[in-house]
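Novice: Supplied in structure tokens, the structure appears directly below.
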Amino acid sequence: MQGLYTQAHDSTNRATLTGIRSKFDQLVKMAKLVRLVQTSRRVQGLSSVIISRSAGHWNKDWKPAPYPVTPEERLAAARKYGLRPDEYRPIPDDGLGAGDYPDVPLVSAESRDPYYPWDHPEHRRDFMEPIHEDFDAHGLDRENASQKLRFSATYQLLAFLGVMTAFVGSFYLLENYKLHWPLLPKQFPGDGKVHFTFEKPE
Amino acid sequence: MADTPGAIVERAAIKAALKREFRKQATNPHRHASGEGGALFDPALQRFMSMKATQYDYFKPTPKASFMGLMFIAVPIIGYGLLLKRDKEQQEMRIRTGQVSYADREFKFL
């Protein structure tokens with residue numbers, strides 16, 4: 001762990017930013033997880049998170065906190081999710097929100113680099129990367145919402161409507177102008193019908 | 001503000017440190033011996049799952065949320081039910097008053 005700290009500090013001019021601190025706090029927590037043996041321990045740097053392997057992880061400990069209003073709450077929430085304070089933005093609280101869960105930019109799995117060595121290649125996601133709220137709808141076998149379409153969605157819709165209008169419109173307009181074989185109905189005798197009047201031609 | 005060279009370098013350093021730690025812990029042979037084992041616990045994934053499970057706790061009946069609930073849930077279900085009821089009642093009245101011929105009966109191919 002010592003090598004990790006010095007290496008990171010050398011490359012970032014020894015700046016003490018809360019973004020680095022929260023990430024390294026999480027690393028410290030991970031290292032201590034390995035040393036835990038059936039005990040609970042309060043971890044420094046991550047307030048009010050008790051790691052207890054024997055009891056499991058409860059939703060009440062990991063669910064998002066209420067929407068942050070004061071700057072201190074925003075700072076604490078940014079630390080919690082491992083984001084920099086200037087790039088942390090909670091989901092808008094318009095009734096369909098999720099407390100202080102961050103509004104992570106949406107990049108579908110299919111849009112991500114297939115040749116990068118992801119930690120979880122089946123999701124194209126790295127370890128401890130913040131997850132978008134609709135993550136399960138944008139996996140590798142699902143919608144690719146962040147792709148650049150060759151033809152825009154508006155263009156596709158207009159093309160479809162144009163072709164269907166041409167087909168259906170020509171059907172309705174030409175319904176009364178059908179072409180027939182040059183045949184007349186067969187003329188059967190009987191029932192008082194007059195088919196031919198035997199008049200002299202002029 | 002978040003795309004300054006300093007920010008990019010800092011994010012890359014954090015990312016490299018996290019990746020190194022993940023590889024180390026994922027290939028740690030003593031994790032199984034201590035009883036932990038299995039997939040490495042990912043706090044970001046756990047927070048996402050807990051958020052999904054407790055999303056109703058943060059629901060508020062704002063105008064936008066109420067409008068969406070109406071247009072996507074209440075109107076389709078109730079509207080479809082009313083349309084169906086009207087069509088079935090009209091057909092039933094036509095059948096009972098004798099306006100439907102035997103050749104036009106329902107299910108005649110069964």
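Every chain in the structure tokens takes a letter, A first, then B, and so on in the order presented; its residues are numbered from 1, and the ligands are numbered from 1 following the presented order.
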If we count only C-alpha atoms, which residues of chain B reach to within 7 Å of chain A? Please list them as a ChimeraX atom specification.

Specialist: /B:2,9-10,13-14,17,19,22,31,34,42-44,46-48,50-51,54-55,58-62,65

Novice: Among segment 50-131 of chain A, which ones does DSSP place in helix (DSSP H, G or I), written as a list in words?

Specialist: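 Taking segment 50-131 of chain A and keeping helix (DSSP H, G or I) only, one gets Asn59, Lys60, Asp61, Trp62, Pro71, Glu72, Glu73, Arg74, Leu75, Ala76, Ala77, Ala78, Arg79, Lys80, Tyr81, Ala109, Glu110 and Ser111 of chain A.
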
Novice: Please save C-alpha atoms of the selected residues as an mmCIF file, in the first residue's frame.

Specialist:
```
data_model
loop_
_atom_site.group_PDB
_atom_site.id
_atom_site.type_symbol
_atom_site.label_atom_id
_atom_site.label_comp_id
_atom_site.auth_asym_id
_atom_site.auth_seq_id
_atom_site.Cartn_x
_atom_site.Cartn_y
_atom_site.Cartn_z
ATOM 1 C CA ASN A 59 -30.074 -1.994 1.924
ATOM 2 C CA LYS A 60 -30.557 0.436 4.775
ATOM 3 C CA ASP A 61 -26.771 0.881 5.012
ATOM 4 C CA TRP A 62 -26.152 1.260 1.285
ATOM 5 C CA PRO A 71 -22.761 22.337 0.265
ATOM 6 C CA GLU A 72 -21.518 20.163 3.120
ATOM 7 C CA GLU A 73 -24.020 17.470 2.199
ATOM 8 C CA ARG A 74 -22.952 17.652 -1.441
ATOM 9 C CA LEU A 75 -19.297 17.308 -0.446
ATOM 10 C CA ALA A 76 -20.047 14.312 1.757
ATOM 11 C CA ALA A 77 -22.104 12.704 -1.001
ATOM 12 C CA ALA A 78 -19.318 13.267 -3.564
ATOM 13 C CA ARG A 79 -16.847 11.622 -1.194
ATOM 14 C CA LYS A 80 -19.193 8.709 -0.604
ATOM 15 C CA TYR A 81 -19.581 7.931 -4.294
ATOM 16 C CA ALA A 109 -21.641 -0.924 -22.741
ATOM 17 C CA GLU A 110 -21.640 -1.354 -26.513
ATOM 18 C CA SER A 111 -20.251 2.156 -27.005
#
```

Novice: Pick the closest to Leu45 of chain B from A:Phe196, A:His120, A:Tyr177, A:Lys186: which is it, counting only C-alpha atoms?

Specialist: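 That would be A:His120, the residue with the smallest distance to Leu45 of chain B.
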